[in-house]
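Colleague: Before anything else, here's the structure in question.
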Amino acid sequence: MLRFIVRRLLWAIPTLFIVTFVVYCALRLATNPLASYARANPRIAKQPEKMAQYIEENGLWPGIGGYIRGYFVWLKGFVTGNWQVSIKGSRPVWPNLKDALINTLRLGLMASLVGISIGLALGIFAALKPGRLRDTAVNTGALIGFSIQPFISAVLLQLFFAVQWSKWFGEPLLPTSGMYPPGHTGFDPVLMLKYMILPVIVVSIQTIAAYSRYMRASLLDVLNSDYLRTARSKGISERRVLVKHALRNAMVPIVTLAALDVGAIVGGLIISEAIFEYPGMGMFFLTAEANGDFPELMPWMVIVTSSVILFNLLADLAYAWLDPRIRLD
Amino acid sequence: MTEFAGISQTTASQQMQHLGVPSDPTGDASIGILKTSMSPKRMALKRFVNHRAALISTIVLVCIIIFVALAPLTARYGVNESIFKAEANRPNQNLAPFDLAWFGTDGNGRDLYSRIIYGAQVSLLIGLFTAIGSVMLGTLVGGIAGYKGGWLDDILMRVTDIFLALPLLVVLVIVRGMLKNVSWVTTIMGEASSVRFLVILLTIIGWMGVARLIRGQVKQLKEREFVEAARALGATSKRIMFRHLLPNSVGQIMVALTFAVVGAIAAEATLSFFGYGPDAGSGMTSLGLLIRDSKKAVPPGYWWLVVFPGVFFIILSLCINFIGDGLRDAVDPKMQQELK
Amino acid sequence: MTDATLSIRDLRVTFKTLLGPVQAVRGVSLDVHPGEVLGVVGESGSGKSVSFLSVMGLLGKNAIIEGSAKVGDVELVGANQKAMRRVRGSDVAMIFQDPLSALNPVHRVGSQVAEMILAHQRGMSKDAAAKRAVELLDLVGIPQPEQRARQYAHEFSGGMRQRVMIAMAIANNPKVLIADEPTTALDVTVQAQILEVIDRIRKEMGTAVVLITHDLGVVARMADRVQVMYAGRVVERADVHNIFHGSRHPYTRGLLGSQPTLGNERLTPIPGAPPNMLQPPSGCAFRARCVHAAPECAGDLPELVQVGLTESACVRAHELEALV
């Protein structure tokens, strides 16, 4: 097991190396950092020697060779902690990125917790009586959930809870943007939860839909299995059949999927964050992208891809831990 | 869904096997108990028709398509036409629904009802073209990779692993940014704000999911007896692919096509929502652009601009999702899809 | 025959399916006595497994079960869940065809056996049950039972897995052991070992065994009495010797003829396929494939009648001797 983890972590290094190189090339092509810099600093742009200096300092040489050399310049700076400053405002990138990461994890973990637990409950509820009304209802509900894109549910919820509500009752029921009211400082969990309600609903809709279907399918598979028939033939209580045998086995693929999904949270809440102006990774990405801010986007991508790779490993470990048939070596 | 108790997604013969009717060397349980004159295709059709939601959705979708295709007749105004000329005491902007504009008017005094029809036209075309492109490319690559295996298969899996693991919106935005900045690409794909550019962009990303699905299907079929038999009899790879693997994957390809349509429509809407979509110049619109505009209508409370496009979008994708679901159940009664 | 441990009367099982009701079992009656082995023979889909799964209450909700099945004085058809559970695993236990899929892959083998014990022996501690599980594994011939008990099903060979299933089944000294094709998925050499284990248990514990199989070789070796099923009905019933040497039913004879034996190089397969149980034929279900079919076979459903040394459900059973 330990050998597997070590080997996978060692493998992650070349993977990250290749992925970051591809991302580096893609981002340089997509954002054109030099043009972004010139746009952000019109006065410097008129001075060729200053521009040449910026190219040299940040390794923004043209051509294939220039990209490769530039990548290593970036990599050295990234690994040694000498990150390039942002193009817009020439600020250090990490403090903002760190805040964005924490905020997103807060929202994402909350939404996953709510979404996955409701989804699983609905999936179990449906699978216990396949073909009955409740099964049809959950299945149909899940498809409706899939069809409600987050940007639609977000605007509809904003319209209802803020605008229409204040028309009817004088003041909005729930805040619709940000993490705290403007000007608020310090940490206030109750206020923060209130601001999180609508974004969490928006993100959970899709999660609930997905997990109710996963769970239903997984549980139905197990319920039709021979070993469940064996368990029933033992004369143990139906409750024990369900918990010890059916759910225990049905959870194996679910836990794996959940691990993968949690790994995707870091970069996956862009839509809801943007609409609710929630200062997380998604907002960070959209702002940086709009500014063509290459020095901000690169670390962002590294964090997002590392998270995906890390949680892939965790998913494999969880799988092996839950299913003794899986051997890791 | 709509079937008898206990037989929801399984064919009768599979159900029998679950129930412990063994298939032993003396014969197959399905022949033994359920010798029917129904061909697999008819069974699939029957299962689809029994999926009541899918059937209703098909009818609704066909109605929507007919309605949208006949846009000049069904729309009451042009896409960029105000319902009447605005006067000082009679503004035409942001009017709540009334008899001249059933769904109200937008900030330019245009009829929302007509614009939804024209927008749906654009969105459906984007969805259809992207889906066809993705499915063709995905079937080709996935089919070859699944059949040949080896390094081609490895590369396909590794590359798609990474792309599918990253957030779709990020991938779309970055790839879009790359393509936009390369001059020879834009001569082929058109300007970044054109519909053609968007369709090609979505196809470039969209084929990967299809390829993995078809790859899995082909890999599974390849191990089946009838393919082994064909190979043993000396059939060429080409013949096996076109005579055996492809026809047996048609169901899966249909399912992939359906979900690709809804995926493309949603992707268009997401991109448009964030301003990466097609250009709204000349008043042209799409469902995504209409929903983007609805964001601005929230603070002043122009509810019709939010509710109608949003609900229409939900209904449209719900119909296609239901059809895809019904197709999948019909083609693959055990729902292996869900869990890969 | 009042001392039967398992007594089934006019059992009928119908499945509701997409295509309509499937009549899998159409009136089966039988008795099993302590310490005897009853062989149940037939092709797939003849209803032999379904009959006993229905007795155990292990069929899905789409199965409609009618008739009567009694273990001792307890009626199982229509019994409530609680009563059913008390019988399952204690009075009646079952072994299945594929021991790999029949064992839970994520629980240790020992704990799966112990679970069976704990389900019916109230007051037994978990440790005691675990100890007893190891003894049971030893009893069915699993070497190093203490270590094996801590392993998972996938770490066992096919034969060893089936031994685990047997250990589980006999954990509570059942009156009846239903073995549903226990050797079909195994190698021939392993088959013999498993049959030997079952036979030993029958002798030592006096358990009545129902052996469901399509393999006449297994029946010849193990069974005291044989019951042949076709299209959801019993078509012939007799002592094992009389089935092999004095059969009075064309289907049984067909089965015997299609079985390879040494010296008999020519196999005679039964032509055609079993009937569609969505619309079972009137009269004798076998008549479409029967070489002796006559117009009277289409009449009423033939019942078992004593003819010579066997009970046969063939209308022309009396003439059969002459015909062959």
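Ordered as shown in the structure tokens, chains take letters A, B, and onward, while each chain numbers its residues from 1 and ligands are numbered from 1 in the order shown.
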Identify all chain C residues at most 7 Å from chain B by counting only C-alpha atoms; ligands do not count. Present them as a list in words.
Modeller: Thr17, Leu18, Glu43, Ser44, Gly45, Ser49, Val50, Leu59, Gly60, Lys61, Asn62, Pro274, Asn276, Met277 and Leu278 of chain C
Colleague: How close does each residue of chain A get to chain C, giving the shortest atom pair and distance in Å to one decimal for every residue with an atom at most 9 Å away, counting only C-alpha atoms, sorted by chain and residue number, as a tab-separated table?
Modeller:
```
residue	atom	partner	partner_atom	distance
A:Ser225	CA	C:Ser101	CA	7.4
A:Asp226	CA	C:Ala102	CA	4.7
A:Tyr227	CA	C:Ala102	CA	4.0
A:Leu228	CA	C:Asn104	CA	7.6
A:Arg229	CA	C:Leu58	CA	6.6
A:Thr230	CA	C:Ala102	CA	5.9
A:Ala231	CA	C:Asn104	CA	8.3
A:Arg232	CA	C:Leu58	CA	7.2
A:Ser233	CA	C:Arg88	CA	5.6
A:Lys234	CA	C:Gly89	CA	4.3
A:Gly235	CA	C:Arg85	CA	4.2
A:Ile236	CA	C:Ala119	CA	5.4
A:Ser237	CA	C:Arg85	CA	7.3
A:Glu238	CA	C:Gln81	CA	8.9
A:His245	CA	C:Asn104	CA	7.3
A:Arg248	CA	C:Val106	CA	8.1
A:Asn249	CA	C:Val106	CA	6.9
A:Leu322	CA	C:Val106	CA	7.4
A:Asp323	CA	C:Val106	CA	5.7
A:Pro324	CA	C:Val106	CA	6.0
A:Arg325	CA	C:His154	CA	6.6
```
Colleague: Would you write out those residues with N, CA and C atoms, as a PDB file, in the first residue's frame?
Modeller:
```pdb
ATOM      1  N   SER A 225     -27.817  -8.782  -6.813  1.00  0.00           N
ATOM      2  CA  SER A 225     -26.662  -9.668  -6.854  1.00  0.00           C
ATOM      3  C   SER A 225     -26.941 -10.965  -6.121  1.00  0.00           C
ATOM      4  N   ASP A 226     -26.142 -11.964  -6.453  1.00  0.00           N
ATOM      5  CA  ASP A 226     -26.289 -13.274  -5.826  1.00  0.00           C
ATOM      6  C   ASP A 226     -25.991 -13.212  -4.330  1.00  0.00           C
ATOM      7  N   TYR A 227     -24.983 -12.407  -3.955  1.00  0.00           N
ATOM      8  CA  TYR A 227     -24.628 -12.439  -2.536  1.00  0.00           C
ATOM      9  C   TYR A 227     -25.687 -11.792  -1.664  1.00  0.00           C
ATOM     10  N   LEU A 228     -26.505 -10.935  -2.256  1.00  0.00           N
ATOM     11  CA  LEU A 228     -27.596 -10.394  -1.473  1.00  0.00           C
ATOM     12  C   LEU A 228     -28.669 -11.454  -1.258  1.00  0.00           C
ATOM     13  N   ARG A 229     -28.843 -12.296  -2.290  1.00  0.00           N
ATOM     14  CA  ARG A 229     -29.769 -13.410  -2.142  1.00  0.00           C
ATOM     15  C   ARG A 229     -29.271 -14.343  -1.030  1.00  0.00           C
ATOM     16  N   THR A 230     -27.952 -14.573  -1.025  1.00  0.00           N
ATOM     17  CA  THR A 230     -27.381 -15.396   0.041  1.00  0.00           C
ATOM     18  C   THR A 230     -27.667 -14.767   1.403  1.00  0.00           C
ATOM     19  N   ALA A 231     -27.449 -13.462   1.489  1.00  0.00           N
ATOM     20  CA  ALA A 231     -27.676 -12.776   2.760  1.00  0.00           C
ATOM     21  C   ALA A 231     -29.123 -12.952   3.202  1.00  0.00           C
ATOM     22  N   ARG A 232     -30.050 -12.815   2.246  1.00  0.00           N
ATOM     23  CA  ARG A 232     -31.471 -12.999   2.589  1.00  0.00           C
ATOM     24  C   ARG A 232     -31.733 -14.426   3.025  1.00  0.00           C
ATOM     25  N   SER A 233     -31.050 -15.380   2.373  1.00  0.00           N
ATOM     26  CA  SER A 233     -31.315 -16.785   2.689  1.00  0.00           C
ATOM     27  C   SER A 233     -30.836 -17.144   4.088  1.00  0.00           C
ATOM     28  N   LYS A 234     -30.058 -16.243   4.706  1.00  0.00           N
ATOM     29  CA  LYS A 234     -29.576 -16.525   6.050  1.00  0.00           C
ATOM     30  C   LYS A 234     -30.641 -16.264   7.110  1.00  0.00           C
ATOM     31  N   GLY A 235     -31.671 -15.546   6.746  1.00  0.00           N
ATOM     32  CA  GLY A 235     -32.700 -15.242   7.722  1.00  0.00           C
ATOM     33  C   GLY A 235     -32.350 -14.090   8.631  1.00  0.00           C
ATOM     34  N   ILE A 236     -31.393 -13.245   8.218  1.00  0.00           N
ATOM     35  CA  ILE A 236     -31.108 -12.060   9.021  1.00  0.00           C
ATOM     36  C   ILE A 236     -32.135 -10.984   8.688  1.00  0.00           C
ATOM     37  N   SER A 237     -32.222  -9.976   9.553  1.00  0.00           N
ATOM     38  CA  SER A 237     -33.263  -8.980   9.363  1.00  0.00           C
ATOM     39  C   SER A 237     -33.008  -8.188   8.082  1.00  0.00           C
ATOM     40  N   GLU A 238     -34.095  -7.697   7.500  1.00  0.00           N
ATOM     41  CA  GLU A 238     -34.003  -6.962   6.243  1.00  0.00           C
ATOM     42  C   GLU A 238     -33.120  -5.728   6.411  1.00  0.00           C
ATOM     43  N   HIS A 245     -24.930  -5.522   4.043  1.00  0.00           N
ATOM     44  CA  HIS A 245     -24.579  -6.109   2.755  1.00  0.00           C
ATOM     45  C   HIS A 245     -24.806  -5.147   1.599  1.00  0.00           C
ATOM     46  N   ARG A 248     -23.194  -1.339   2.163  1.00  0.00           N
ATOM     47  CA  ARG A 248     -21.741  -1.445   2.273  1.00  0.00           C
ATOM     48  C   ARG A 248     -21.120  -1.673   0.880  1.00  0.00           C
ATOM     49  N   ASN A 249     -21.739  -2.564   0.098  1.00  0.00           N
ATOM     50  CA  ASN A 249     -21.190  -2.840  -1.219  1.00  0.00           C
ATOM     51  C   ASN A 249     -21.506  -1.729  -2.220  1.00  0.00           C
ATOM     52  N   LEU A 322     -11.958   0.050   0.399  1.00  0.00           N
ATOM     53  CA  LEU A 322     -13.326  -0.425   0.550  1.00  0.00           C
ATOM     54  C   LEU A 322     -13.558  -1.780  -0.097  1.00  0.00           C
ATOM     55  N   ASP A 323     -12.779  -2.108  -1.122  1.00  0.00           N
ATOM     56  CA  ASP A 323     -13.015  -3.355  -1.838  1.00  0.00           C
ATOM     57  C   ASP A 323     -11.765  -4.215  -1.780  1.00  0.00           C
ATOM     58  N   PRO A 324     -11.804  -5.286  -0.961  1.00  0.00           N
ATOM     59  CA  PRO A 324     -10.594  -6.099  -0.790  1.00  0.00           C
ATOM     60  C   PRO A 324     -10.128  -6.768  -2.081  1.00  0.00           C
ATOM     61  N   ARG A 325     -10.987  -6.818  -3.102  1.00  0.00           N
ATOM     62  CA  ARG A 325     -10.564  -7.464  -4.344  1.00  0.00           C
ATOM     63  C   ARG A 325      -9.533  -6.632  -5.090  1.00  0.00           C
TER      64      ARG A 325
END
```
Colleague: For the contact check between chain A and chain B, emit one row per residue of chain A within 6 Å, containing the shortest atom pair and the distance in Å rounded to one decimal, counting only C-alpha atoms, chain then rising number order, as a tab-separated table.
Modeller:
```
residue	atom	partner	partner_atom	distance
A:Leu29	CA	B:Met178	CA	5.2
A:Ala30	CA	B:Met178	CA	3.9
A:Pro130	CA	B:Gly6	CA	5.8
A:Gly131	CA	B:Ser8	CA	5.0
A:Thr136	CA	B:Met1	CA	4.8
A:Ile144	CA	B:Leu318	CA	6.0
A:Ser147	CA	B:Leu318	CA	5.2
A:Ile148	CA	B:Ile314	CA	5.6
A:Ile152	CA	B:Gly310	CA	5.7
A:Leu159	CA	B:Val298	CA	5.4
A:Val163	CA	B:Gly301	CA	5.8
A:Gly268	CA	B:Pro167	CA	5.3
```
Colleague: Counting only C-alpha atoms, which residue out of C:Ile270, C:Gly308, C:Asp187, C:Leu177 sits closest to Glu36 of chain C?
Modeller: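 Residue with the minimum atom-to-atom distance to Glu36 of chain C: C:Leu177.
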Colleague: Find the residues near Phe98 of chain B: any atom within 12 Å, counting only C-alpha atoms, skip ones fewer than 2 places away on the same chain, and give them as a list of chain:residue names.
Modeller: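 The neighbour list is B:Ile83, B:Asn92, B:Asn94, B:Leu95, B:Ala96, B:Leu100, B:Ala101, B:Trp102, B:Phe103, B:Gly104, B:Thr105, B:Asp111, B:Leu112, B:Tyr113, B:Trp304.
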Colleague: Segment 118-127 of chain A: which residues within 12 Å, counting only C-alpha atoms, same-chain residues fewer than 5 positions away excluded, as a PyMOL selection string?
Modeller: (chain A and resi 111-113+132-142+145+201+204-224+242-243+246-247+250-251+254-255+258) or (chain B and resi 1+5-6+8-9)
Colleague: Using the selection just defined, write its residues with N, CA and C atoms as a short mmCIF file (atom, residue, chain, number, x, y, z; two decimals), in the first residue's frame.
Modeller:
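Output saved as part-v4.cif:
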```cif
data_model
loop_
_atom_site.label_atom_id
_atom_site.label_comp_id
_atom_site.auth_asym_id
_atom_site.auth_seq_id
_atom_site.Cartn_x
_atom_site.Cartn_y
_atom_site.Cartn_z
N ALA A 111 -21.40 22.63 -0.17
CA ALA A 111 -22.33 22.19 -1.21
C ALA A 111 -22.22 20.69 -1.44
N SER A 112 -21.01 20.14 -1.39
CA SER A 112 -20.85 18.70 -1.59
C SER A 112 -21.52 17.94 -0.47
N LEU A 113 -21.33 18.43 0.75
CA LEU A 113 -21.91 17.76 1.91
C LEU A 113 -23.43 17.71 1.77
N ARG A 132 -41.57 1.77 -8.63
CA ARG A 132 -42.74 2.37 -7.98
C ARG A 132 -42.74 3.88 -8.16
N LEU A 133 -43.76 4.50 -7.60
CA LEU A 133 -43.95 5.94 -7.77
C LEU A 133 -42.72 6.72 -7.29
N ARG A 134 -42.18 6.35 -6.11
CA ARG A 134 -41.07 7.10 -5.55
C ARG A 134 -39.84 7.00 -6.45
N ASP A 135 -39.67 5.83 -7.07
CA ASP A 135 -38.55 5.63 -7.97
C ASP A 135 -38.69 6.53 -9.19
N THR A 136 -39.89 6.52 -9.75
CA THR A 136 -40.16 7.39 -10.89
C THR A 136 -39.94 8.84 -10.51
N ALA A 137 -40.41 9.21 -9.34
CA ALA A 137 -40.30 10.60 -8.91
C ALA A 137 -38.83 11.00 -8.77
N VAL A 138 -38.04 10.16 -8.13
CA VAL A 138 -36.62 10.50 -7.94
C VAL A 138 -35.89 10.56 -9.28
N ASN A 139 -36.18 9.57 -10.13
CA ASN A 139 -35.54 9.55 -11.44
C ASN A 139 -35.88 10.78 -12.26
N THR A 140 -37.17 11.10 -12.28
CA THR A 140 -37.61 12.27 -13.03
C THR A 140 -37.03 13.53 -12.42
N GLY A 141 -37.06 13.59 -11.09
CA GLY A 141 -36.49 14.75 -10.40
C GLY A 141 -35.03 14.94 -10.74
N ALA A 142 -34.30 13.83 -10.80
CA ALA A 142 -32.88 13.92 -11.11
C ALA A 142 -32.66 14.48 -12.51
N GLY A 145 -33.28 18.06 -12.43
CA GLY A 145 -32.11 18.70 -11.82
C GLY A 145 -30.98 18.88 -12.81
N ILE A 201 -27.36 26.10 -2.75
CA ILE A 201 -28.52 25.49 -3.44
C ILE A 201 -28.19 25.28 -4.92
N SER A 204 -25.76 22.51 -5.37
CA SER A 204 -26.28 21.20 -4.93
C SER A 204 -27.26 20.59 -5.91
N ILE A 205 -28.00 21.43 -6.63
CA ILE A 205 -29.02 20.87 -7.52
C ILE A 205 -28.41 19.79 -8.42
N GLN A 206 -27.30 20.14 -9.06
CA GLN A 206 -26.66 19.18 -9.96
C GLN A 206 -26.07 18.00 -9.19
N THR A 207 -25.51 18.28 -8.00
CA THR A 207 -24.91 17.20 -7.21
C THR A 207 -25.98 16.22 -6.75
N ILE A 208 -27.09 16.77 -6.28
CA ILE A 208 -28.18 15.88 -5.84
C ILE A 208 -28.63 15.01 -6.99
N ALA A 209 -28.83 15.64 -8.15
CA ALA A 209 -29.30 14.89 -9.31
C ALA A 209 -28.32 13.76 -9.64
N ALA A 210 -27.03 14.09 -9.68
CA ALA A 210 -26.04 13.09 -10.06
C ALA A 210 -25.98 11.96 -9.04
N TYR A 211 -25.90 12.32 -7.76
CA TYR A 211 -25.70 11.27 -6.77
C TYR A 211 -26.94 10.42 -6.52
N SER A 212 -28.12 11.00 -6.71
CA SER A 212 -29.30 10.16 -6.55
C SER A 212 -29.30 9.08 -7.63
N ARG A 213 -28.85 9.44 -8.83
CA ARG A 213 -28.80 8.43 -9.89
C ARG A 213 -27.67 7.43 -9.67
N TYR A 214 -26.50 7.90 -9.30
CA TYR A 214 -25.39 6.97 -9.03
C TYR A 214 -25.82 5.95 -7.99
N MET A 215 -26.35 6.49 -6.88
CA MET A 215 -26.67 5.63 -5.75
C MET A 215 -27.75 4.65 -6.13
N ARG A 216 -28.75 5.12 -6.85
CA ARG A 216 -29.84 4.24 -7.25
C ARG A 216 -29.29 3.10 -8.10
N ALA A 217 -28.47 3.46 -9.11
CA ALA A 217 -27.94 2.44 -10.00
C ALA A 217 -27.06 1.46 -9.25
N SER A 218 -26.20 2.01 -8.39
CA SER A 218 -25.27 1.15 -7.66
C SER A 218 -26.02 0.20 -6.74
N LEU A 219 -27.00 0.75 -6.05
CA LEU A 219 -27.75 -0.07 -5.09
C LEU A 219 -28.59 -1.12 -5.81
N LEU A 220 -29.20 -0.74 -6.93
CA LEU A 220 -30.00 -1.71 -7.69
C LEU A 220 -29.12 -2.86 -8.15
N ASP A 221 -27.91 -2.52 -8.57
CA ASP A 221 -26.97 -3.54 -9.00
C ASP A 221 -26.70 -4.53 -7.88
N VAL A 222 -26.46 -3.99 -6.68
CA VAL A 222 -26.16 -4.84 -5.55
C VAL A 222 -27.40 -5.63 -5.13
N LEU A 223 -28.56 -4.96 -5.17
CA LEU A 223 -29.79 -5.63 -4.74
C LEU A 223 -30.11 -6.83 -5.62
N ASN A 224 -29.64 -6.79 -6.87
CA ASN A 224 -29.89 -7.90 -7.77
C ASN A 224 -28.78 -8.95 -7.72
N LEU A 242 -29.78 -4.83 4.33
CA LEU A 242 -29.59 -3.56 3.62
C LEU A 242 -28.31 -2.86 4.05
N VAL A 243 -28.11 -2.78 5.37
CA VAL A 243 -26.99 -1.97 5.85
C VAL A 243 -25.66 -2.71 5.68
N ALA A 246 -26.04 -4.67 1.45
CA ALA A 246 -26.34 -3.86 0.26
C ALA A 246 -25.61 -2.52 0.27
N LEU A 247 -25.83 -1.73 1.32
CA LEU A 247 -25.24 -0.39 1.32
C LEU A 247 -23.72 -0.45 1.36
N ALA A 250 -22.70 -1.15 -2.10
CA ALA A 250 -23.09 -0.11 -3.06
C ALA A 250 -22.25 1.15 -2.88
N MET A 251 -21.72 1.35 -1.68
CA MET A 251 -20.97 2.58 -1.43
C MET A 251 -19.59 2.59 -2.11
N ILE A 254 -19.48 4.70 -5.12
CA ILE A 254 -19.93 6.05 -4.78
C ILE A 254 -18.81 6.84 -4.12
N VAL A 255 -18.13 6.20 -3.18
CA VAL A 255 -17.05 6.90 -2.48
C VAL A 255 -15.95 7.30 -3.48
N ALA A 258 -17.16 10.25 -5.36
CA ALA A 258 -17.20 11.44 -4.51
C ALA A 258 -15.80 12.03 -4.36
N MET B 1 -39.36 3.07 -14.19
CA MET B 1 -40.04 4.30 -14.61
C MET B 1 -41.53 4.04 -14.82
N ALA B 5 -43.96 -3.45 -11.60
CA ALA B 5 -43.17 -3.48 -10.38
C ALA B 5 -42.05 -4.50 -10.53
N GLY B 6 -40.89 -4.08 -10.17
CA GLY B 6 -39.78 -5.02 -10.11
C GLY B 6 -39.09 -5.28 -11.42
N SER B 8 -38.27 -2.87 -13.62
CA SER B 8 -38.04 -1.56 -14.21
C SER B 8 -37.09 -1.56 -15.39
N GLN B 9 -35.80 -1.70 -15.13
CA GLN B 9 -34.91 -1.49 -16.26
C GLN B 9 -34.36 -2.78 -16.85
#
```
Colleague: List as a VMD selection string the protein and nucleic acid residues near Asp73 of chain C, meaning an atom at most 12 Å away when only C-alpha atoms are counted, but skip any in the same chain fewer than 5 places from it.
Modeller: chain C and resid 2 to 8 68 87 91
Colleague: Which of segment 42-253 of chain B counts as strand (DSSP E or B) under DSSP, as a PyMOL selection string please?
Modeller: chain B and resi 82+87+90+98+101+105+110-111
Colleague: Interatomic distance between atom CA of Ala220 of chain C and atom CA of Val240 of chain C?
Modeller: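 About the pair atom CA of Ala220 of chain C and atom CA of Val240 of chain C: they are 6.6 Å apart.
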Colleague: State, in Å with one decimal place, the distance from atom CA of Gln147 of chain C to atom CA of Asp180 of chain C.
Modeller: 28.2 Å
Colleague: I need the residues in segment 71-128 of chain C that are alpha helix (DSSP H) according to DSSP; give them as a compact mmCIF listing (two decimals) with C-alpha atoms, in the first residue's frame.
Modeller:
```txt
# COMPACT_ATOMS: atom_id res chain seq x y z
CA GLN C 81 -41.43 -11.80 6.75
CA LYS C 82 -40.69 -12.55 10.36
CA ALA C 83 -41.86 -16.15 10.26
CA MET C 84 -40.04 -16.63 6.98
CA ARG C 85 -36.80 -15.28 8.44
CA ARG C 86 -36.99 -17.70 11.35
CA VAL C 87 -37.09 -20.64 8.96
CA PRO C 99 -20.06 -19.58 -5.01
CA LEU C 100 -18.00 -16.56 -6.05
CA SER C 101 -20.96 -14.32 -6.70
CA ALA C 102 -22.92 -15.87 -3.83
CA VAL C 109 -15.45 -15.39 4.95
CA GLY C 110 -15.43 -16.22 8.65
CA SER C 111 -17.71 -13.33 9.53
CA GLN C 112 -20.14 -14.35 6.81
CA VAL C 113 -20.39 -17.79 8.38
CA ALA C 114 -20.62 -16.30 11.87
CA GLU C 115 -23.42 -14.00 10.73
CA MET C 116 -25.49 -17.06 9.87
CA ILE C 117 -24.95 -18.48 13.35
CA LEU C 118 -25.73 -15.21 15.13
CA ALA C 119 -28.90 -14.76 13.11
CA HIS C 120 -30.50 -17.81 14.72
CA LYS C 126 -19.63 -12.78 18.69
CA ASP C 127 -16.44 -14.49 19.75
CA ALA C 128 -18.17 -17.80 20.23
```
Colleague: Of the residues A:Val266, A:Ile13, A:Val200, A:Met110, which is the one nearest to Gly280 of chain A, using only C-alpha atoms?
Modeller: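 Among A:Val266, A:Ile13, A:Val200, A:Met110, it is A:Val266 that comes nearest to Gly280 of chain A.
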Colleague: Just want the 8 Å neighbourhood of Ser36 of chain A, counted on only C-alpha atoms, with same-chain residues fewer than 6 positions away dropped. Output as a PyMOL selection string.
Modeller: chain A and resi 87+291-293
Colleague: Those residues you just picked out, can you put them in a file as an mmCIF file, in the first residue's frame with N, CA and C atoms?
Modeller:
```cif
data_model
loop_
_atom_site.group_PDB
_atom_site.id
_atom_site.type_symbol
_atom_site.label_atom_id
_atom_site.label_comp_id
_atom_site.auth_asym_id
_atom_site.auth_seq_id
_atom_site.Cartn_x
_atom_site.Cartn_y
_atom_site.Cartn_z
ATOM 1 N N ILE A 87 -0.087 41.038 -13.597
ATOM 2 C CA ILE A 87 0.044 42.095 -14.602
ATOM 3 C C ILE A 87 -0.779 43.301 -14.183
ATOM 4 N N ASN A 291 -8.307 39.966 -17.780
ATOM 5 C CA ASN A 291 -7.139 40.838 -17.848
ATOM 6 C C ASN A 291 -5.992 40.217 -18.628
ATOM 7 N N GLY A 292 -6.157 38.979 -19.088
ATOM 8 C CA GLY A 292 -5.045 38.277 -19.720
ATOM 9 C C GLY A 292 -3.879 38.161 -18.773
ATOM 10 N N ASP A 293 -4.179 37.955 -17.477
ATOM 11 C CA ASP A 293 -3.149 38.009 -16.453
ATOM 12 C C ASP A 293 -2.458 36.659 -16.300
#
```
Colleague: In Å to one decimal, how far is atom CA of Asn173 of chain C from atom CA of Gln121 of chain C?
Modeller: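 Atom CA of Gln121 of chain C sits 11.1 Å away from atom CA of Asn173 of chain C.
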